[in-house]
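Here is the structure we will look at, set down as structure tokens.
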Amino acid sequence: MLVYWLDIIGTAVFAISGVLLAGKLRMDPFGVLVLGVVTAVGGGTIRDMALANGPVFWVKDPTDLVVAMVTSMMTIILVRQPRRLPKWILPVLDAVGLAVFVGIGVNKAFMAGTGPLIAVCMGVLTGVGGGIIRDVLAREVPMILRTEIYATACIVGGIVHATAWDTFQVPLEQASMIGMAVTLSIRLAAIRWRLKLPTFALEDRQ
Amino acid sequence: MLVYWLDIIGTAVFAISGVLLAGKLRMDPFGVLVLGVVTAVGGGTIRDMALANGPVFWVKDPTDLVVAMVTSMMTIILVRQPRRLPKWILPVLDAVGLAVFVGIGVNKAFMAGTGPLIAVCMGVLTGVGGGIIRDVLAREVPMILRTEIYATACIVGGIVHATAWDTFQVPLEQASMIGMAVTLSIRLAAIRWRLKLPTFALEDRQ
Amino acid sequence: MLVYWLDIIGTAVFAISGVLLAGKLRMDPFGVLVLGVVTAVGGGTIRDMALANGPVFWVKDPTDLVVAMVTSMMTIILVRQPRRLPKWILPVLDAVGLAVFVGIGVNKAFMAGTGPLIAVCMGVLTGVGGGIIRDVLAREVPMILRTEIYATACIVGGIVHATAWDTFQVPLEQASMIGMAVTLSIRLAAIRWRLKLPTFALEDRQ
């Protein structure tokens, strides 16, 4: 039940991040709506396509789709001056959404019968997929591939979640909670203290 | 039957738009072919993957694929000087293709058993998906998200189509025709009188 | 059996190409890992989604996924100075990977019951899909659509492969070998003698 509400929040926050990015591209309002929705549901859509476990989640149950649409429309109408929002709000909510999405992805994969390796991949895909599509459509190098400890947080949280369930037989719901807490903590710590891994850069390319 | 031929025309026009965009990127001719085909069948491909209703449409029936290939090749061979085409031809044919694709998407979703909300989404996805992939591959911010009343026309036409069938019990074929006429009219009006919605732009981003 | 090992090599080489491209974008190491893996398995993933033949290949059998991950990580750790590699190595290995991926794509399509046209498309999609996703994520116009005789080599090799099996009843394994040899030879010849097709460029766009 907590996961249900966290999922709603994660969906809403991801939709808002899509709309805010669209704001700098001078888009048609319905183009903005498309970008917000794609950001919110894109990761889970690719996951469901890869698992081939019937229609994608928003076809089976449109709740998340409606949440993404309504949030995007409300953001378009209300957020004229993002300046007024305290700066930390969006990154923190985004971290919550990310942690929840990774957890949901891992769970869905386990429920579809995959092993822990694939489950972690599905968790990461669910967490970062929507943001990658958002940045590609907005013609940016995906933030998620560049930002400090973003994919990293997903991978570590996903591994903890999958290991707890698969190796230590922790019940799936508790395992999810532990994994989400790990993803969230790492990401919040990275935001708070601007933690970074050394970037990988080659001096000379062929 | 009319829909069948409109679908062929829509597919051909979308392929041409892919080839013409490729023309400014100095591509290998077979790269151009790939771009033309992807533009023509990309939207319906994503729709079918999301509906998970068996293999995508061009695997089940390659007609559209062949149309896209032949049109792309003929465009590569024949269109050396697009200057000679009257300027209004491509946008108008593109509007026809768009209207038909939205209608087909809505119908396929209804036939797969979805409700009206999902059907409208599938219609929009079918209409704009190929063009979005085309623009992403050509490294442009998707025209469809920016251009005046493009996604908007799809959404309104799709809603009319879905409402006619779902709420007013209009037979599916007539409902399609009405929806397509609405999408087409809005788009043509937008082209003719350069109608725009106020763009959504934020002054200050976080 | 030979195909099995060629597939491993192809997967590894594609992962390396993703990591090397990431090297110029100053990415987070785990972002680099994501890009390497996506490059290696992206084409086959789209193919399997389009064929809708159950979960995608790396969900059914994670071997390729593990190969892509391990290769990416080893590349991140070891390749600090790509300068030291002889210049021809990567393009040649890439050509091997490409040839193998096209052959595997054609075979998978035939085994899923498609006709030769769709099989060739699936071969091309498998060969070029991962590289296209890699270049889109790195914000480049896909090399594969521009480079001399890249898509072309795939198309010709795929057609030979499909025709050998479908028209001349050559057993599938031999047909694969012939097709792969054709793709590889064309691509190696194009690299060696810098062969190009005349690029398709329009002087004037509407």
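For the structure tokens, the naming scheme is as follows: chains receive sequential letters (A, B, ...) according to their order of presentation, residues are indexed from 1 within each chain, and ligands are indexed from 1 in presentation order.
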
### Task
Skip stretch 134-145 of chain A itself and residues of its chain fewer than 3 positions away, then list as a ChimeraX atom specification all residues within 6 Å of it, counting only C-alpha atoms.
/A:39,131,150 /B:141 /C:27,31,138

Output the selection as a PDB file, in the first residue's frame - all heavy atoms for each residue.
```
ATOM      1  N   THR A  39       8.086  10.650 -20.001  1.00  0.00           N
ATOM      2  CA  THR A  39       9.075  10.592 -18.930  1.00  0.00           C
ATOM      3  C   THR A  39       8.580   9.729 -17.768  1.00  0.00           C
ATOM      4  O   THR A  39       9.319   8.939 -17.187  1.00  0.00           O
ATOM      5  CB  THR A  39       9.391  12.013 -18.410  1.00  0.00           C
ATOM      6  OG1 THR A  39       9.771  12.824 -19.508  1.00  0.00           O
ATOM      7  CG2 THR A  39      10.484  11.988 -17.370  1.00  0.00           C
ATOM      8  N   GLY A 131      13.675   8.850 -17.880  1.00  0.00           N
ATOM      9  CA  GLY A 131      14.522  10.032 -17.919  1.00  0.00           C
ATOM     10  C   GLY A 131      15.437  10.042 -19.140  1.00  0.00           C
ATOM     11  O   GLY A 131      15.735  11.101 -19.696  1.00  0.00           O
ATOM     12  N   TYR A 150      23.903   8.244 -10.109  1.00  0.00           N
ATOM     13  CA  TYR A 150      22.472   8.108 -10.398  1.00  0.00           C
ATOM     14  C   TYR A 150      22.196   6.661 -10.804  1.00  0.00           C
ATOM     15  O   TYR A 150      21.524   5.927 -10.091  1.00  0.00           O
ATOM     16  CB  TYR A 150      22.086   9.102 -11.499  1.00  0.00           C
ATOM     17  CG  TYR A 150      20.608   9.412 -11.577  1.00  0.00           C
ATOM     18  CD1 TYR A 150      20.098  10.591 -11.049  1.00  0.00           C
ATOM     19  CD2 TYR A 150      19.733   8.534 -12.179  1.00  0.00           C
ATOM     20  CE1 TYR A 150      18.747  10.878 -11.117  1.00  0.00           C
ATOM     21  CE2 TYR A 150      18.385   8.808 -12.253  1.00  0.00           C
ATOM     22  CZ  TYR A 150      17.891   9.979 -11.724  1.00  0.00           C
ATOM     23  OH  TYR A 150      16.551  10.238 -11.804  1.00  0.00           O
TER      24      TYR A 150
ATOM     25  N   VAL B 141      15.143  18.415 -32.328  1.00  0.00           N
ATOM     26  CA  VAL B 141      14.066  18.329 -31.349  1.00  0.00           C
ATOM     27  C   VAL B 141      12.806  17.977 -32.134  1.00  0.00           C
ATOM     28  O   VAL B 141      12.485  18.641 -33.114  1.00  0.00           O
ATOM     29  CB  VAL B 141      13.859  19.652 -30.598  1.00  0.00           C
ATOM     30  CG1 VAL B 141      12.596  19.586 -29.753  1.00  0.00           C
ATOM     31  CG2 VAL B 141      15.046  19.933 -29.713  1.00  0.00           C
TER      32      VAL B 141
ATOM     33  N   MET C  27      31.213  10.553 -18.648  1.00  0.00           N
ATOM     34  CA  MET C  27      30.098   9.938 -17.952  1.00  0.00           C
ATOM     35  C   MET C  27      30.531   9.323 -16.631  1.00  0.00           C
ATOM     36  O   MET C  27      31.689   8.980 -16.426  1.00  0.00           O
ATOM     37  CB  MET C  27      29.487   8.827 -18.796  1.00  0.00           C
ATOM     38  CG  MET C  27      28.684   9.327 -19.976  1.00  0.00           C
ATOM     39  SD  MET C  27      27.945   7.903 -20.804  1.00  0.00           S
ATOM     40  CE  MET C  27      27.031   8.753 -22.097  1.00  0.00           C
ATOM     41  N   GLY C  31      27.097   4.869 -15.745  1.00  0.00           N
ATOM     42  CA  GLY C  31      26.474   5.330 -16.976  1.00  0.00           C
ATOM     43  C   GLY C  31      27.170   4.712 -18.177  1.00  0.00           C
ATOM     44  O   GLY C  31      26.526   4.306 -19.150  1.00  0.00           O
ATOM     45  N   ALA C 138      24.452   9.236 -27.313  1.00  0.00           N
ATOM     46  CA  ALA C 138      25.630  10.094 -27.275  1.00  0.00           C
ATOM     47  C   ALA C 138      25.420  11.343 -28.122  1.00  0.00           C
ATOM     48  O   ALA C 138      26.335  12.120 -28.344  1.00  0.00           O
ATOM     49  CB  ALA C 138      26.852   9.332 -27.767  1.00  0.00           C
TER      50      ALA C 138
END
```

Closest atom pairs, chain B residues within 10 Å of chain A, only C-alpha atoms, as a tab-separated table:
```
residue	atom	partner	partner_atom	distance
B:Ile46	CA	A:Met49	CA	9.6
B:Asp48	CA	A:Pro55	CA	9.2
B:Met49	CA	A:Met49	CA	6.4
B:Ala50	CA	A:Val56	CA	5.4
B:Leu51	CA	A:Pro55	CA	4.8
B:Ala52	CA	A:Pro55	CA	4.8
B:Asn53	CA	A:Pro55	CA	7.5
B:Gly54	CA	A:Gly54	CA	9.5
B:Ala109	CA	A:Val59	CA	9.6
B:Ala112	CA	A:Pro55	CA	9.9
B:Gly113	CA	A:Val59	CA	9.9
B:Thr114	CA	A:Val59	CA	7.1
B:Gly115	CA	A:Val59	CA	8.7
B:Leu117	CA	A:Pro62	CA	8.1
B:Ile118	CA	A:Val59	CA	6.3
B:Ala119	CA	A:Val59	CA	9.2
B:Cys121	CA	A:Leu65	CA	9.6
B:Met122	CA	A:Val59	CA	9.6
B:Val124	CA	A:Val34	CA	9.3
B:Leu125	CA	A:Val34	CA	9.4
B:Ile132	CA	A:Leu137	CA	8.0
B:Ile133	CA	A:Leu137	CA	9.1
B:Asp135	CA	A:Leu137	CA	8.8
B:Val136	CA	A:Leu137	CA	6.6
B:Leu137	CA	A:Val136	CA	9.9
B:Arg139	CA	A:Arg139	CA	7.0
B:Glu140	CA	A:Arg139	CA	7.1
B:Val141	CA	A:Ala138	CA	5.9
B:Pro142	CA	A:Leu137	CA	6.7
B:Met143	CA	A:Met27	CA	9.2
B:Ile144	CA	A:Gly31	CA	7.0
B:Leu145	CA	A:Gly31	CA	4.0
B:Arg146	CA	A:Met27	CA	4.4
B:Thr147	CA	A:Asp28	CA	6.6
B:Glu148	CA	A:Asp28	CA	6.4
B:Ile149	CA	A:Asp28	CA	7.1
B:Tyr150	CA	A:Gly31	CA	8.2
B:Ala151	CA	A:Phe30	CA	5.8
B:Thr152	CA	A:Phe30	CA	5.6
B:Ala153	CA	A:Phe30	CA	9.3
B:Cys154	CA	A:Phe30	CA	9.7
B:Ile155	CA	A:Phe30	CA	8.3
B:Lys196	CA	A:Asp28	CA	8.0
B:Leu197	CA	A:Asp28	CA	6.4
B:Pro198	CA	A:Asp28	CA	7.1
B:Thr199	CA	A:Asp28	CA	5.0
B:Phe200	CA	A:Arg26	CA	5.7
B:Ala201	CA	A:Gly23	CA	4.4
B:Leu202	CA	A:Gly23	CA	4.8
B:Glu203	CA	A:Gln81	CA	7.0
B:Asp204	CA	A:Arg83	CA	6.3
B:Arg205	CA	A:Pro82	CA	6.3
B:Gln206	CA	A:Pro82	CA	6.9
```

### Query
Can you tell me, as a list in words, what residues are no more than 9 Å from A:Val100 when counting only C-alpha atoms, ignoring any on the same chain fewer than 4 positions away?
Val3, Leu6, Asp7, Gly10, Ala95, Val96, Ile104, Gly105, Gly127, Ser176, Met177, Met180, Thr183 and Leu184 of chain A

Go ahead and save the picked residues with N, CA and C atoms, as an mmCIF file, in the first residue's frame.
```cif
data_model
loop_
_atom_site.group_PDB
_atom_site.id
_atom_site.type_symbol
_atom_site.label_atom_id
_atom_site.label_comp_id
_atom_site.auth_asym_id
_atom_site.auth_seq_id
_atom_site.Cartn_x
_atom_site.Cartn_y
_atom_site.Cartn_z
ATOM 1 N N VAL A 3 3.822 1.250 -1.119
ATOM 2 C CA VAL A 3 4.424 1.239 -2.447
ATOM 3 C C VAL A 3 3.476 1.862 -3.461
ATOM 4 N N LEU A 6 3.764 5.557 -3.098
ATOM 5 C CA LEU A 6 5.082 6.004 -3.547
ATOM 6 C C LEU A 6 5.153 5.965 -5.080
ATOM 7 N N ASP A 7 4.512 4.957 -5.664
ATOM 8 C CA ASP A 7 4.491 4.842 -7.124
ATOM 9 C C ASP A 7 3.777 6.039 -7.741
ATOM 10 N N GLY A 10 6.132 8.943 -7.426
ATOM 11 C CA GLY A 10 7.224 8.821 -8.389
ATOM 12 C C GLY A 10 6.758 9.190 -9.794
ATOM 13 N N ALA A 95 14.423 11.603 -6.375
ATOM 14 C CA ALA A 95 15.110 10.469 -5.743
ATOM 15 C C ALA A 95 14.099 9.466 -5.197
ATOM 16 N N VAL A 96 12.997 9.976 -4.628
ATOM 17 C CA VAL A 96 11.940 9.081 -4.150
ATOM 18 C C VAL A 96 11.357 8.281 -5.328
ATOM 19 N N ILE A 104 9.958 -1.366 -7.917
ATOM 20 C CA ILE A 104 8.841 -1.946 -8.667
ATOM 21 C C ILE A 104 9.351 -2.796 -9.824
ATOM 22 N N GLY A 105 10.391 -2.295 -10.505
ATOM 23 C CA GLY A 105 10.946 -3.044 -11.635
ATOM 24 C C GLY A 105 11.507 -4.392 -11.197
ATOM 25 N N GLY A 127 13.896 2.439 -13.557
ATOM 26 C CA GLY A 127 14.271 3.692 -12.901
ATOM 27 C C GLY A 127 14.791 4.746 -13.858
ATOM 28 N N SER A 176 11.842 -5.345 -0.938
ATOM 29 C CA SER A 176 11.614 -4.113 -1.713
ATOM 30 C C SER A 176 11.932 -2.889 -0.871
ATOM 31 N N MET A 177 11.409 -2.892 0.360
ATOM 32 C CA MET A 177 11.588 -1.719 1.220
ATOM 33 C C MET A 177 13.064 -1.459 1.475
ATOM 34 N N MET A 180 14.680 -0.151 -1.777
ATOM 35 C CA MET A 180 14.307 1.246 -2.031
ATOM 36 C C MET A 180 15.021 2.183 -1.066
ATOM 37 N N THR A 183 18.607 2.602 -2.381
ATOM 38 C CA THR A 183 18.675 3.495 -3.545
ATOM 39 C C THR A 183 18.464 4.938 -3.114
ATOM 40 N N LEU A 184 17.432 5.153 -2.307
ATOM 41 C CA LEU A 184 17.093 6.515 -1.885
ATOM 42 C C LEU A 184 18.218 7.141 -1.060
#
```

### Task
Give me, please, the distance in Å between atom CA of B:Thr63 and atom CA of B:Arg47, quoted to one decimal.
17.5 Å

### Query
DSSP on the backbone: what in stretch 31-149 of chain B comes out helix (DSSP H, G or I), as number ranges by chain?
B: 31-51, 57-60, 63-78, 82-84, 89-111, 116-137, 143-146

### Pairwise distance for atom CA of C:Ala12 and atom CA of C:Gly103, rounded to one decimal in Å
16.6 Å

### Task
Report the distance between atom CA of A:Val67 and atom CA of A:Thr11 in Å, rounded to one decimal place.
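Computed distance, atom CA of A:Val67 to atom CA of A:Thr11, equals 7.0 Å.
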